[in-house]
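J.: Here you go, this is structure-v6.csv (CSV, C-alpha atoms).
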chain,number,residue,atom,x,y,z
A,1,MET,CA,43.0,157.6,-28.9
A,2,LEU,CA,42.5,156.5,-32.3
A,3,VAL,CA,41.8,153.3,-34.5
A,4,LEU,CA,43.3,155.0,-36.9
A,5,THR,CA,40.4,152.8,-38.4
A,6,ALA,CA,41.8,154.8,-40.1
A,7,VAL,CA,41.1,155.5,-40.9
A,8,ALA,CA,37.2,156.9,-42.7
A,9,ALA,CA,31.7,156.6,-42.2
A,10,ALA,CA,28.7,158.9,-42.7
A,11,LEU,CA,26.1,159.1,-39.9
A,12,THR,CA,22.5,159.9,-40.7
A,13,LEU,CA,20.7,162.0,-38.0
A,14,THR,CA,17.0,161.8,-37.8
A,15,ALA,CA,15.0,164.4,-35.9
A,16,CYS,CA,12.1,163.1,-33.8
A,17,THR,CA,9.2,165.1,-32.6
A,18,LYS,CA,7.4,164.0,-29.4
A,19,HIS,CA,3.6,163.8,-29.3
A,20,GLU,CA,1.4,163.1,-26.3
A,21,GLN,CA,0.1,159.6,-26.5
A,22,GLN,CA,-3.6,159.1,-26.5
A,23,ASP,CA,-5.8,156.0,-26.2
A,24,PRO,CA,-7.1,155.0,-29.6
A,25,PRO,CA,-10.9,155.4,-30.1
A,26,VAL,CA,-13.0,152.4,-29.4
A,27,VAL,CA,-14.9,151.1,-32.5
A,28,ALA,CA,-17.7,148.8,-31.9
A,29,GLY,CA,-17.2,145.4,-33.7
A,30,ALA,CA,-13.6,146.2,-34.6
A,31,GLU,CA,-11.9,143.0,-33.3
A,32,ASP,CA,-9.0,142.7,-35.7
A,33,LYS,CA,-5.8,144.1,-34.4
A,34,PRO,CA,-3.0,145.4,-36.7
A,35,SER,CA,0.0,143.2,-36.7
A,36,PRO,CA,3.1,144.8,-35.3
A,37,THR,CA,5.5,146.3,-37.8
A,38,LYS,CA,8.6,144.2,-38.3
A,39,PRO,CA,11.9,146.0,-38.3
A,40,SER,CA,13.6,146.3,-41.6
A,41,PRO,CA,16.5,143.9,-42.1
A,42,THR,CA,20.0,145.4,-41.9
A,43,PRO,CA,21.3,145.6,-45.4
A,44,SER,CA,24.3,143.5,-46.2
A,45,PHE,CA,27.6,145.2,-46.9
A,46,THR,CA,30.1,144.2,-49.6
A,47,PRO,CA,33.6,145.7,-49.1
A,48,PRO,CA,35.0,147.5,-52.2
A,49,SER,CA,37.6,145.7,-54.2
A,50,ALA,CA,41.2,146.8,-54.1
A,51,ALA,CA,41.0,148.0,-57.7
A,52,THR,CA,38.3,150.5,-56.8
A,53,LEU,CA,40.1,152.1,-53.8
A,54,PRO,CA,41.3,155.7,-54.1
A,55,THR,CA,44.9,156.0,-55.4
A,56,HIS,CA,45.4,159.7,-54.6
A,57,ALA,CA,44.8,161.9,-51.6
A,58,ILE,CA,41.2,162.8,-50.8
A,59,PRO,CA,39.3,164.7,-48.1
A,60,ALA,CA,38.7,162.3,-45.2
A,61,ALA,CA,34.9,162.8,-45.7
A,62,GLU,CA,35.2,161.0,-49.0
A,63,MET,CA,37.0,158.0,-47.6
A,64,PRO,CA,35.1,154.8,-48.6
A,65,ARG,CA,33.8,152.3,-46.1
A,66,LEU,CA,36.2,149.4,-46.1
A,67,GLY,CA,35.9,145.7,-45.1
A,68,GLU,CA,36.5,144.2,-41.7
A,69,ALA,CA,40.1,144.0,-40.5
A,70,THR,CA,41.7,140.6,-40.1
A,71,VAL,CA,45.1,139.4,-39.1
A,72,MET,CA,48.0,140.6,-41.3
A,73,ALA,CA,49.0,137.0,-41.8
A,74,LYS,CA,48.2,133.8,-40.0
A,75,GLY,CA,50.6,133.4,-37.1
A,76,TYR,CA,52.2,136.8,-37.7
A,77,THR,CA,52.8,138.7,-34.4
A,78,GLY,CA,55.3,141.2,-35.7
A,79,LYS,CA,57.2,140.9,-32.4
A,80,ALA,CA,60.7,141.3,-34.0
A,81,PHE,CA,59.6,144.2,-36.2
A,82,LEU,CA,57.8,146.0,-33.3
A,83,ALA,CA,60.7,145.4,-31.0
A,84,ASP,CA,63.1,147.0,-33.5
A,85,LEU,CA,60.7,149.9,-34.2
A,86,SER,CA,60.1,150.5,-30.5
A,87,LYS,CA,63.9,150.5,-29.8
A,88,THR,CA,64.7,152.8,-32.7
A,89,TRP,CA,62.1,155.4,-31.6
A,90,SER,CA,62.4,154.9,-27.8
A,91,ILE,CA,58.8,153.8,-27.5
A,92,THR,CA,57.7,151.7,-24.6
A,93,LEU,CA,54.8,149.5,-25.3
A,94,GLY,CA,52.4,148.8,-22.5
A,95,ALA,CA,50.6,145.6,-21.5
A,96,PRO,CA,47.7,144.3,-23.6
A,97,LYS,CA,44.2,145.5,-22.5
A,98,GLU,CA,40.7,145.0,-23.8
A,99,GLU,CA,38.9,148.1,-25.2
A,100,GLU,CA,35.5,148.6,-26.8
A,101,PHE,CA,35.5,149.9,-30.4
A,102,PRO,CA,32.6,151.3,-32.5
A,103,GLY,CA,29.9,148.8,-33.1
A,104,GLY,CA,30.2,147.3,-29.7
A,105,ARG,CA,33.1,145.0,-30.6
A,106,LYS,CA,36.0,144.5,-28.2
A,107,GLU,CA,39.6,144.4,-29.2
A,108,THR,CA,42.9,143.6,-27.4
A,109,VAL,CA,44.9,146.8,-27.6
A,110,ILE,CA,48.5,147.6,-26.9
A,111,THR,CA,49.7,151.3,-26.8
A,112,GLY,CA,53.0,153.1,-26.2
A,113,ASP,CA,54.7,156.4,-26.8
A,114,ASN,CA,58.1,158.0,-26.4
A,115,GLY,CA,56.9,161.1,-24.6
A,116,LYS,CA,58.0,163.3,-27.5
A,117,GLY,CA,55.0,163.0,-29.8
A,118,LEU,CA,55.5,159.6,-31.4
A,119,SER,CA,53.2,156.7,-30.5
A,120,LEU,CA,52.0,153.3,-31.5
A,121,LEU,CA,48.6,151.7,-31.2
A,122,LEU,CA,48.2,148.0,-32.0
A,123,THR,CA,45.3,145.6,-32.0
A,124,VAL,CA,46.0,141.9,-31.7
A,125,THR,CA,44.1,138.6,-31.5
A,126,LYS,CA,44.0,136.4,-28.4
A,127,ALA,CA,46.9,134.5,-30.0
A,128,ASP,CA,48.9,137.8,-30.3
A,129,GLU,CA,48.5,137.9,-34.1
A,130,LEU,CA,48.8,141.5,-35.4
A,131,VAL,CA,45.7,143.0,-36.8
A,132,LEU,CA,46.3,146.7,-36.8
A,133,LEU,CA,49.4,148.9,-36.6
A,134,ASP,CA,48.7,152.6,-36.2
A,135,CYS,CA,51.7,154.9,-36.1
A,136,ILE,CA,51.0,158.4,-34.8
A,137,ALA,CA,53.1,161.5,-34.9
A,138,LYS,CA,51.9,164.8,-33.3
A,139,ASN,CA,52.2,167.9,-35.4
A,140,GLY,CA,55.6,169.6,-35.3
A,141,ASN,CA,57.6,166.5,-34.6
A,142,THR,CA,60.7,166.6,-36.7
A,143,HIS,CA,60.8,162.8,-37.1
A,144,THR,CA,57.3,162.4,-38.4
A,145,THR,CA,58.3,161.3,-42.0
A,146,ALA,CA,61.1,159.0,-40.9
A,147,PHE,CA,59.0,157.4,-38.2
A,148,LEU,CA,55.9,156.7,-40.4
A,149,ARG,CA,58.1,155.5,-43.2
A,150,ALA,CA,59.7,153.0,-40.9
A,151,CYS,CA,56.2,151.7,-40.0
A,152,ALA,CA,55.4,151.3,-43.7
A,153,ALA,CA,58.1,148.7,-43.9
A,154,VAL,CA,56.2,146.2,-41.7
A,155,ASP,CA,57.4,142.7,-42.7
A,156,ALA,CA,54.2,140.7,-42.6
A,157,PRO,CA,54.4,137.6,-44.9
A,158,GLY,CA,53.3,138.4,-48.4
A,159,ALA,CA,53.8,142.2,-48.0
A,160,ASP,CA,56.4,144.1,-50.0
A,161,PRO,CA,58.3,146.6,-47.7
A,162,ASP,CA,60.2,148.2,-50.5
A,163,LYS,CA,57.0,148.9,-52.5
A,164,ALA,CA,55.3,150.2,-49.3
A,165,THR,CA,58.0,152.7,-48.4
A,166,THR,CA,58.2,153.9,-52.0
A,167,TRP,CA,54.4,154.4,-52.0
A,168,PHE,CA,54.6,156.1,-48.6
A,169,ASP,CA,57.0,158.8,-49.9
A,170,GLN,CA,54.5,159.9,-52.6
A,171,ALA,CA,51.4,159.3,-50.5
A,172,LYS,CA,52.6,161.6,-47.7
A,173,LYS,CA,53.6,164.4,-50.2
A,174,GLU,CA,50.1,164.3,-51.8
A,175,THR,CA,48.4,164.2,-48.4
A,176,ASP,CA,50.3,167.1,-47.0
A,177,THR,CA,49.7,169.2,-50.1
A,178,LEU,CA,46.0,168.6,-50.1
A,179,TYR,CA,45.8,169.2,-46.4
A,180,ALA,CA,47.7,172.5,-46.7
A,181,LYS,CA,45.2,173.6,-49.5
A,182,ASN,CA,41.9,172.6,-47.8
A,183,LYS,CA,42.9,172.8,-44.1
A,184,GLU,CA,40.7,169.8,-43.3
A,185,ALA,CA,41.3,166.1,-42.4
A,186,THR,CA,42.8,164.3,-45.4
A,187,VAL,CA,43.6,160.7,-46.3
A,188,SER,CA,46.1,159.4,-48.8
A,189,GLY,CA,45.4,157.0,-51.6
A,190,ILE,CA,45.1,153.4,-50.3
A,191,LEU,CA,47.9,150.8,-50.8
A,192,THR,CA,47.2,147.1,-50.7
A,193,THR,CA,50.3,144.8,-50.5
A,194,GLY,CA,49.9,141.1,-49.8
A,195,LYS,CA,47.0,141.0,-47.3
A,196,LEU,CA,47.8,144.5,-46.0
A,197,VAL,CA,46.1,147.8,-46.6
A,198,MET,CA,47.6,151.1,-45.5
A,199,PHE,CA,46.9,154.8,-45.8
A,200,VAL,CA,48.1,158.1,-44.4
A,201,ASN,CA,45.6,160.0,-42.2
A,202,ARG,CA,46.3,163.7,-41.8
A,203,LEU,CA,44.5,165.3,-39.0
A,204,THR,CA,44.6,168.8,-37.4
A,205,ASP,CA,46.9,167.7,-34.6
A,206,SER,CA,48.7,164.7,-36.0
A,207,GLU,CA,49.7,162.5,-38.9
A,208,GLN,CA,49.1,158.7,-38.8
A,209,LEU,CA,49.9,155.7,-40.9
A,210,LYS,CA,47.3,153.0,-40.5
A,211,ILE,CA,48.1,149.5,-41.5
A,212,PHE,CA,45.5,146.7,-41.3
A,213,GLY,CA,45.2,143.1,-42.3
A,214,GLY,CA,42.6,141.7,-44.6
A,215,GLY,CA,43.3,143.1,-48.0
A,216,THR,CA,40.7,145.8,-47.3
A,217,ALA,CA,40.1,146.8,-43.7
A,218,GLU,CA,37.6,148.6,-41.5
A,219,ASN,CA,38.0,152.2,-40.6
A,220,TYR,CA,38.7,152.8,-36.9
Using the file provided, produce a representation of the structure as structure tokens.

T.:
Amino acid sequence: MLVLTAVAAALTLTACTKHEQQDPPVVAGAEDKPSPTKPSPTPSFTPPSAATLPTHAIPAAEMPRLGEATVMAKGYTGKAFLADLSKTWSITLGAPKEEEFPGGRKETVITGDNGKGLSLLLTVTKADELVLLDCIAKNGNTHTTAFLRACAAVDAPGADPDKATTWFDQAKKETDTLYAKNKEATVSGILTTGKLVMFVNRLTDSEQLKIFGGGTAENY
């Protein structure tokens, strides 16, 4: 299963060598004890501004870390949009369930598929406000472009569906072209519209359109 997130973080691996522990030598008159080392504070993170986000397709390894996802718009559940999307593509959404995501955070998740390679993954708040819409099409599905394009037209307040679908057409072409050239996971340029951020995620087995709230959003 996804989240996306999307959607994009480098992990630093440190090799550790074990040594047998030995008692320290006793030094006569040495009564001072070294104070325990304090852990270094976790550095704060400032999400990038929308103006600095990639505008063209790049290898997934170069995807910048983005800010934390929030609701697409206060009170927006997307129920009418999702009902129409599900009906058009014969996708049955399941019941909400709580799942654990990277970083130990828990999210309320709703998933569904049509049994023919098209699926949806949503995360919502306790009040059913829509946070993430992840549309997934398995490779070889003849409806991939139309399905993902329909997802780009999400009608959250403040967003511009026409701008989003026009952007999607170009973003998918660029992403597919770079993927065909490099044969590695690729992401499109990132669009921000209203409080939404979206990008195409091209993997070896599927293509995804990830849409988050927050202006910038966390990679899942």

J.: I'd like the neighbourhood of segment 161-168 of chain A as a ChimeraX atom specification, where a residue qualifies if any of its atoms comes within 12 Å (using all atoms listed in the file), though same-chain residues fewer than 3 positions away should be ignored.

T.: /A:55-57,81,145-158,171-176,188-194,196-201,208-211

J.: Would you please work out which residue, of A:Thr70, A:Thr52, A:Thr142, A:Thr92, is nearest to Val124 of chain A when using all atoms listed in the file?

T.: A:Thr70

J.: Smallest atom-to-atom distance to Thr144 of chain A: which of A:Ala50, A:Lys87, A:Glu207, A:Asn182, using only C-alpha atoms?

T.: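 Nearest to Thr144 of chain A: A:Glu207.
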
J.: Restricting the calculation to all atoms listed in the file: of A:Lys195, A:Lys106, A:Lys183, A:Lys116, which residue gets closest to Trp89 of chain A?

T.: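 Under the stated criterion, the closest residue is A:Lys116.
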
J.: For a quick check of understanding, using only C-alpha atoms, which of A:Val71, A:Leu82, A:Ala159, A:Leu66 has the smallest distance to Cys135 of chain A?

T.: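 Using only C-alpha atoms, the shortest distance to Cys135 of chain A belongs to A:Leu82.
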
J.: Pick the closest to Glu107 of chain A from A:Leu133, A:Leu93, A:Leu53, A:Leu122: which is it, counting only C-alpha atoms?

T.: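 Nearest candidate to Glu107 of chain A out of A:Leu133, A:Leu93, A:Leu53, A:Leu122: A:Leu122.
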
J.: Could you jot down the atom CA of Gly104 of chain A to atom CA of Lys79 of chain A separation for me, Å, one decimal place?

T.: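 Distance reported for this atom pair: 27.9 Å.
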
J.: So how far away is atom CA of Ile91 of chain A from atom CA of Glu129 of chain A, in Å?

T.: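 Spanning atom CA of Glu129 of chain A to atom CA of Ile91 of chain A is a straight-line distance of 20.1 Å.
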
J.: Select, from A:Gly215, A:Val187, A:Thr177, A:Met72, the residue with the minimum atom-to-atom distance to Leu203 of chain A, counting all atoms listed in the file.

T.: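 With all atoms listed in the file as the atom set, the closest residue is A:Val187.
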
J.: Pick out the residues sitting within 12 Å of Asn114 of chain A, and hand them over as a VMD selection string; count all atoms listed in the file, and ignore anything fewer than 3 positions along from it in its own chain.

T.: chain A and resid 85 to 94 111 117 to 120 136 to 138 141 147
